[in-house]
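Remarks on the structure that follows.
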Amino acid sequence: TIRNKTAFQLDKVDNRAHIVEGLLLALEYTDEVIEIVRGAPDQATARDILMDEENGKFCLSSAQADAVLRLQLGQLTRLNGKKLSDERATLAESQVNLRNLLDNDEAVRDVMVDDFKSLRAKYGKPRKTKILPDESDKEEIDLVQNERSVIVVTRGGYIKRMPLKTFGSQGRGTRGKRGTSNSKATELSDDNEIAHCFSCNDHDTVLMTTQSGIAYGLRGYQVPEGGRTARGAPIPSVLPIKAGDVITSVLPVSEF
C-alpha cells in the first residue's frame, strides 16, 4: 500500500517537475515565445512550433507547450523565475525521497513506524464506551417489569391478569371494585364464577393442575391481561389443554 501510494505521488511530482522545466525554458526565451504565439494564426500552429525539434533554442513537449499556451502573454512576462527554480529544487528532492521509498525496504519500514506512531498519538486513548452483551442475548422476561398482578381463573375455563394497581385502596364505607362482570348477560352461564383468585409477581411461575393430574406452568406476565369486567381468555388458548379439562388447583411460585 505504501509503495502504491508512493508510485502515485511520484507520478504527480514527475509531471509537475516536467511542467516547471518547460515554464523555466519559456521564461528564458520569453521574447521568442511571445513572438511565436503572436505570429501564429492559431494555438495549434503555435503549439507545433513550440514543439518543433528543429528549433535551435528550445523544444517543448506536448504537456509543456500546453502549459505555456494556457498562460496569457502578460502572465508569461510576469513569471517569477526564482519561485519556479525553488519549486524545481523542491520537486527534485521529493523525487529522490519517493524513489528511495520505492527501492529501499528500510525506508518503507520507517514510514510504517511513523504512521503507527501518528495513529497511536491520535487514537491511543482510553476507551470512553463500554462493551455490553448483545441485545439478542436478552430473553422476553428481561424486557418485562416485575410488577404485582391479580390473576383470576373462572369455572367456565377463562383466565385473565389485572395489574394490582387496578384495585386502588379505598376509604371505609365506600363501594369496592368488581374483578369480574356479573351482568345479566353473563349470569346465564357460570363462565364468570371465580374458581381461583390470587396475586403474584409478573415474573412468578404460575403452576396449574388439571383434573387429569397434569401440571402446567407459565409466567405471570404470559397470562393475557384483561379489564376488571372482561371475561378473559379461554384457558386452552394459554395452555396446551383440551377444552373440557378443568383447572383444579393453582399455585404461584417465585423460586424453585
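A note on labels: chains of the C-alpha cells are A, B, ... as shown, every chain counts residues from 1, and ligands are counted from 1 in their shown order.
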Practice prompt. Fewer than 3 positions away in the same chain doesn't count, so skip those; otherwise give me all residues within 12 Å of stretch 233-245 of chain A, counting only C-alpha atoms, as a PyMOL selection string.
Written response: chain A and resi 151-161+191-192+206-227+230+248
Item to complete: Identify all residues of stretch 70-162 of chain A in strand (DSSP E) (DSSP on the backbone) and supply them as a list in words.
Response: Arg148, Ser149, Val150, Ile151, Val152, Val153, Thr154, Tyr158, Ile159, Lys160, Arg161 and Met162 of chain A
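Closest approach to A:Leu84 from the set A:Arg127, A:Arg70, A:His18, A:Lys57 is made by A:His18, with distances taken over only C-alpha atoms.
Among the candidate residues A:Met162, A:Leu71, A:Val246, A:Val108, the one lying nearest to A:Ile34 is A:Leu71, with distances computed using only C-alpha atoms.
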Discussion item. With DSSP run on the backbone, what are the alpha helix (DSSP H) residues within stretch 4-240 of chain A? I'd like them as a count of residues only.
Written reply: 98
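Relative to atom CA of A:Leu25, atom CA of A:Gly81 is found at 10.0 Å.
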Worksheet item: Out of A:Glu35, A:Val68, A:Asp103, A:Arg228, which residue has the shortest atom-to-atom distance to A:Lys165 when counting only C-alpha atoms?
Response: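 Checking each of A:Glu35, A:Val68, A:Asp103, A:Arg228 against A:Lys165, counting only C-alpha atoms, the winner is A:Arg228.
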Item to complete: Using only C-alpha atoms, pick whichever of A:Asn104, A:Thr205, A:Gly22, A:Asn146 has the shortest atom-to-atom distance to A:Cys59.
Response: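 Going through A:Asn104, A:Thr205, A:Gly22, A:Asn146 one by one, the smallest distance to A:Cys59 is for A:Gly22.
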Discussion item. Just checking: using only C-alpha atoms, which residue out of A:Ala195, A:Ala40, A:Val150, A:Ile49 ends up closest to A:Pro252?
Written reply: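 When distances to A:Pro252 are compared using only C-alpha atoms, the smallest one comes from A:Val150.
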Fill in: Computed interatomic separation between atom CA of A:Leu119 and atom CA of A:Thr1 (Å)
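Atom-to-atom, atom CA of A:Leu119 to atom CA of A:Thr1, that is 16.4 Å.
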Worksheet entry | Pick from A:Ile19, A:Val113, A:Leu60, A:Val37 nearest to A:Leu91, counting only C-alpha atoms | A:Ile19
Item to complete: Please identify all polymer residues within 10 Å of A:Ala46, counting only C-alpha atoms, omitting same-chain residues fewer than 4 positions from it, and present them as a VMD selection string.
Response: chain A and resid 33 to 42 50 to 52 65 to 66 69
Atoms to include: all heavy atoms. Write the selected residues as a compact mmCIF listing (two decimals), in the first residue's frame.
```
# COMPACT_ATOMS: atom_id res chain seq x y z
N VAL A 33 9.15 33.20 -27.40
CA VAL A 33 7.85 32.54 -27.19
C VAL A 33 6.71 33.49 -27.51
O VAL A 33 5.74 33.12 -28.19
CB VAL A 33 7.74 32.01 -25.75
CG1 VAL A 33 6.33 31.52 -25.46
CG2 VAL A 33 8.75 30.90 -25.51
N ILE A 34 6.81 34.74 -27.05
CA ILE A 34 5.75 35.72 -27.32
C ILE A 34 5.63 35.96 -28.82
O ILE A 34 4.53 36.06 -29.38
CB ILE A 34 6.04 37.02 -26.57
CG1 ILE A 34 5.90 36.80 -25.05
CG2 ILE A 34 5.10 38.13 -27.03
CD1 ILE A 34 6.26 38.01 -24.22
N GLU A 35 6.77 36.05 -29.50
CA GLU A 35 6.76 36.27 -30.95
C GLU A 35 6.08 35.10 -31.67
O GLU A 35 5.31 35.30 -32.61
CB GLU A 35 8.19 36.45 -31.45
CG GLU A 35 8.28 36.76 -32.94
CD GLU A 35 9.72 36.96 -33.40
OE1 GLU A 35 10.61 37.02 -32.53
OE2 GLU A 35 9.93 37.03 -34.62
N ILE A 36 6.38 33.87 -31.22
CA ILE A 36 5.75 32.69 -31.85
C ILE A 36 4.25 32.70 -31.63
O ILE A 36 3.47 32.45 -32.57
CB ILE A 36 6.39 31.41 -31.28
CG1 ILE A 36 7.83 31.27 -31.76
CG2 ILE A 36 5.56 30.19 -31.69
CD1 ILE A 36 8.57 30.13 -31.08
N VAL A 37 3.80 33.00 -30.41
CA VAL A 37 2.37 32.97 -30.10
C VAL A 37 1.64 34.05 -30.87
O VAL A 37 0.53 33.83 -31.41
CB VAL A 37 2.16 33.13 -28.58
CG1 VAL A 37 0.68 33.26 -28.25
CG2 VAL A 37 2.75 31.93 -27.82
N ARG A 38 2.21 35.26 -30.96
CA ARG A 38 1.56 36.36 -31.68
C ARG A 38 1.55 36.11 -33.18
O ARG A 38 0.60 36.49 -33.88
CB ARG A 38 2.27 37.66 -31.37
CG ARG A 38 1.95 38.21 -29.98
CD ARG A 38 2.70 39.50 -29.73
NE ARG A 38 2.30 40.10 -28.44
CZ ARG A 38 2.88 41.18 -27.92
NH1 ARG A 38 3.91 41.76 -28.56
NH2 ARG A 38 2.45 41.67 -26.77
N GLY A 39 2.59 35.50 -33.67
CA GLY A 39 2.70 35.31 -35.12
C GLY A 39 1.93 34.12 -35.65
O GLY A 39 1.65 34.04 -36.85
N ALA A 40 1.58 33.20 -34.79
CA ALA A 40 0.87 32.00 -35.24
C ALA A 40 -0.59 32.32 -35.49
O ALA A 40 -1.22 33.08 -34.74
CB ALA A 40 1.00 30.89 -34.21
N PRO A 41 -1.19 31.75 -36.53
CA PRO A 41 -2.62 32.02 -36.81
C PRO A 41 -3.56 31.42 -35.78
O PRO A 41 -4.65 31.90 -35.57
CB PRO A 41 -2.83 31.38 -38.20
CG PRO A 41 -1.76 30.33 -38.31
CD PRO A 41 -0.58 30.87 -37.56
N ASP A 42 -3.14 30.36 -35.12
CA ASP A 42 -3.98 29.74 -34.09
C ASP A 42 -3.08 29.03 -33.08
O ASP A 42 -1.86 28.91 -33.28
CB ASP A 42 -4.99 28.77 -34.71
CG ASP A 42 -4.33 27.77 -35.65
OD1 ASP A 42 -3.28 27.21 -35.28
OD2 ASP A 42 -4.85 27.56 -36.75
N LEU A 50 6.32 25.44 -31.01
CA LEU A 50 6.99 25.29 -29.72
C LEU A 50 7.54 23.87 -29.55
O LEU A 50 8.52 23.67 -28.83
CB LEU A 50 6.03 25.62 -28.58
CG LEU A 50 5.60 27.08 -28.45
CD1 LEU A 50 4.51 27.23 -27.39
CD2 LEU A 50 6.79 27.97 -28.11
N MET A 51 6.92 22.91 -30.21
CA MET A 51 7.36 21.51 -30.08
C MET A 51 8.30 21.09 -31.21
O MET A 51 8.74 19.94 -31.25
CB MET A 51 6.13 20.59 -30.08
CG MET A 51 5.20 20.76 -28.91
SD MET A 51 3.66 19.81 -29.09
CE MET A 51 4.29 18.17 -29.35
N ASP A 52 8.60 22.02 -32.10
CA ASP A 52 9.43 21.68 -33.26
C ASP A 52 10.84 21.31 -32.80
O ASP A 52 11.54 22.11 -32.17
CB ASP A 52 9.46 22.87 -34.22
CG ASP A 52 10.10 22.50 -35.56
OD1 ASP A 52 10.53 21.34 -35.71
OD2 ASP A 52 10.17 23.39 -36.42
N ALA A 65 4.18 22.56 -23.80
CA ALA A 65 3.62 23.55 -24.73
C ALA A 65 2.21 23.94 -24.32
O ALA A 65 1.84 25.12 -24.36
CB ALA A 65 3.63 22.98 -26.15
N ASP A 66 1.40 22.96 -23.91
CA ASP A 66 0.03 23.26 -23.46
C ASP A 66 0.06 24.16 -22.22
O ASP A 66 -0.77 25.07 -22.09
CB ASP A 66 -0.72 21.97 -23.16
CG ASP A 66 -1.05 21.20 -24.42
OD1 ASP A 66 -1.08 21.81 -25.49
OD2 ASP A 66 -1.28 19.97 -24.32
N LEU A 69 0.91 27.71 -23.38
CA LEU A 69 -0.17 28.34 -24.12
C LEU A 69 -1.38 28.66 -23.24
O LEU A 69 -2.20 29.51 -23.60
CB LEU A 69 -0.60 27.44 -25.28
CG LEU A 69 0.45 27.28 -26.41
CD1 LEU A 69 -0.01 26.27 -27.43
CD2 LEU A 69 0.73 28.63 -27.07
```
Discussion item. As a PyMOL selection string, please: the residues near A:Arg99 (cut-off 9 Å, only C-alpha atoms, same-chain neighbours under 4 positions excluded).
Written reply: chain A and resi 6-7+10+94-95+103-104
Restricting the output to all heavy atoms, write the selected residues as a PDB file, in the first residue's frame.
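Ended up saving to part-v5.pdb:
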```pdb
ATOM      1  N   THR A   6       3.160   5.715  -2.955  1.00  0.00           N
ATOM      2  CA  THR A   6       4.389   6.421  -3.338  1.00  0.00           C
ATOM      3  C   THR A   6       4.496   6.536  -4.853  1.00  0.00           C
ATOM      4  O   THR A   6       4.880   7.591  -5.389  1.00  0.00           O
ATOM      5  CB  THR A   6       5.612   5.685  -2.774  1.00  0.00           C
ATOM      6  OG1 THR A   6       5.511   5.620  -1.355  1.00  0.00           O
ATOM      7  CG2 THR A   6       6.889   6.406  -3.146  1.00  0.00           C
ATOM      8  N   ALA A   7       4.165   5.459  -5.560  1.00  0.00           N
ATOM      9  CA  ALA A   7       4.227   5.483  -7.020  1.00  0.00           C
ATOM     10  C   ALA A   7       3.258   6.512  -7.590  1.00  0.00           C
ATOM     11  O   ALA A   7       3.587   7.231  -8.552  1.00  0.00           O
ATOM     12  CB  ALA A   7       3.913   4.098  -7.579  1.00  0.00           C
ATOM     13  N   LEU A  10       4.773   9.938  -6.879  1.00  0.00           N
ATOM     14  CA  LEU A  10       5.937  10.186  -7.732  1.00  0.00           C
ATOM     15  C   LEU A  10       5.499  10.557  -9.145  1.00  0.00           C
ATOM     16  O   LEU A  10       6.109  11.435  -9.781  1.00  0.00           O
ATOM     17  CB  LEU A  10       6.826   8.943  -7.768  1.00  0.00           C
ATOM     18  CG  LEU A  10       8.090   9.047  -8.633  1.00  0.00           C
ATOM     19  CD1 LEU A  10       8.977  10.187  -8.157  1.00  0.00           C
ATOM     20  CD2 LEU A  10       8.849   7.727  -8.612  1.00  0.00           C
ATOM     21  N   SER A  94      11.822  15.835  -3.637  1.00  0.00           N
ATOM     22  CA  SER A  94      10.713  14.896  -3.456  1.00  0.00           C
ATOM     23  C   SER A  94      10.883  13.665  -4.335  1.00  0.00           C
ATOM     24  O   SER A  94      10.595  12.539  -3.915  1.00  0.00           O
ATOM     25  CB  SER A  94       9.386  15.587  -3.788  1.00  0.00           C
ATOM     26  OG  SER A  94       9.129  16.664  -2.904  1.00  0.00           O
ATOM     27  N   GLN A  95      11.394  13.866  -5.562  1.00  0.00           N
ATOM     28  CA  GLN A  95      11.618  12.727  -6.453  1.00  0.00           C
ATOM     29  C   GLN A  95      12.639  11.762  -5.873  1.00  0.00           C
ATOM     30  O   GLN A  95      12.464  10.538  -5.930  1.00  0.00           O
ATOM     31  CB  GLN A  95      12.098  13.239  -7.820  1.00  0.00           C
ATOM     32  CG  GLN A  95      10.990  13.885  -8.648  1.00  0.00           C
ATOM     33  CD  GLN A  95      11.530  14.514  -9.913  1.00  0.00           C
ATOM     34  OE1 GLN A  95      12.580  15.168  -9.911  1.00  0.00           O
ATOM     35  NE2 GLN A  95      10.814  14.334 -11.013  1.00  0.00           N
ATOM     36  N   ASP A 103      12.504   1.851  -3.739  1.00  0.00           N
ATOM     37  CA  ASP A 103      13.631   0.926  -3.889  1.00  0.00           C
ATOM     38  C   ASP A 103      14.170   0.395  -2.564  1.00  0.00           C
ATOM     39  O   ASP A 103      14.858  -0.634  -2.551  1.00  0.00           O
ATOM     40  CB  ASP A 103      14.775   1.619  -4.646  1.00  0.00           C
ATOM     41  CG  ASP A 103      14.336   2.097  -6.036  1.00  0.00           C
ATOM     42  OD1 ASP A 103      13.419   1.466  -6.594  1.00  0.00           O
ATOM     43  OD2 ASP A 103      14.906   3.080  -6.542  1.00  0.00           O
ATOM     44  N   ASN A 104      13.867   1.070  -1.455  1.00  0.00           N
ATOM     45  CA  ASN A 104      14.506   0.739  -0.180  1.00  0.00           C
ATOM     46  C   ASN A 104      13.460   0.223   0.808  1.00  0.00           C
ATOM     47  O   ASN A 104      12.551   0.959   1.221  1.00  0.00           O
ATOM     48  CB  ASN A 104      15.204   1.986   0.385  1.00  0.00           C
ATOM     49  CG  ASN A 104      16.089   1.670   1.565  1.00  0.00           C
ATOM     50  OD1 ASN A 104      15.983   0.584   2.150  1.00  0.00           O
ATOM     51  ND2 ASN A 104      16.956   2.591   1.933  1.00  0.00           N
TER      52      ASN A 104
END
```
Worksheet item: For the atom pair atom CA of A:Ala26 and atom CA of A:Gln9, what is the interatomic distance in Å to one decimal place?
Response: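 Computing it gives 25.9 Å between the two atoms.
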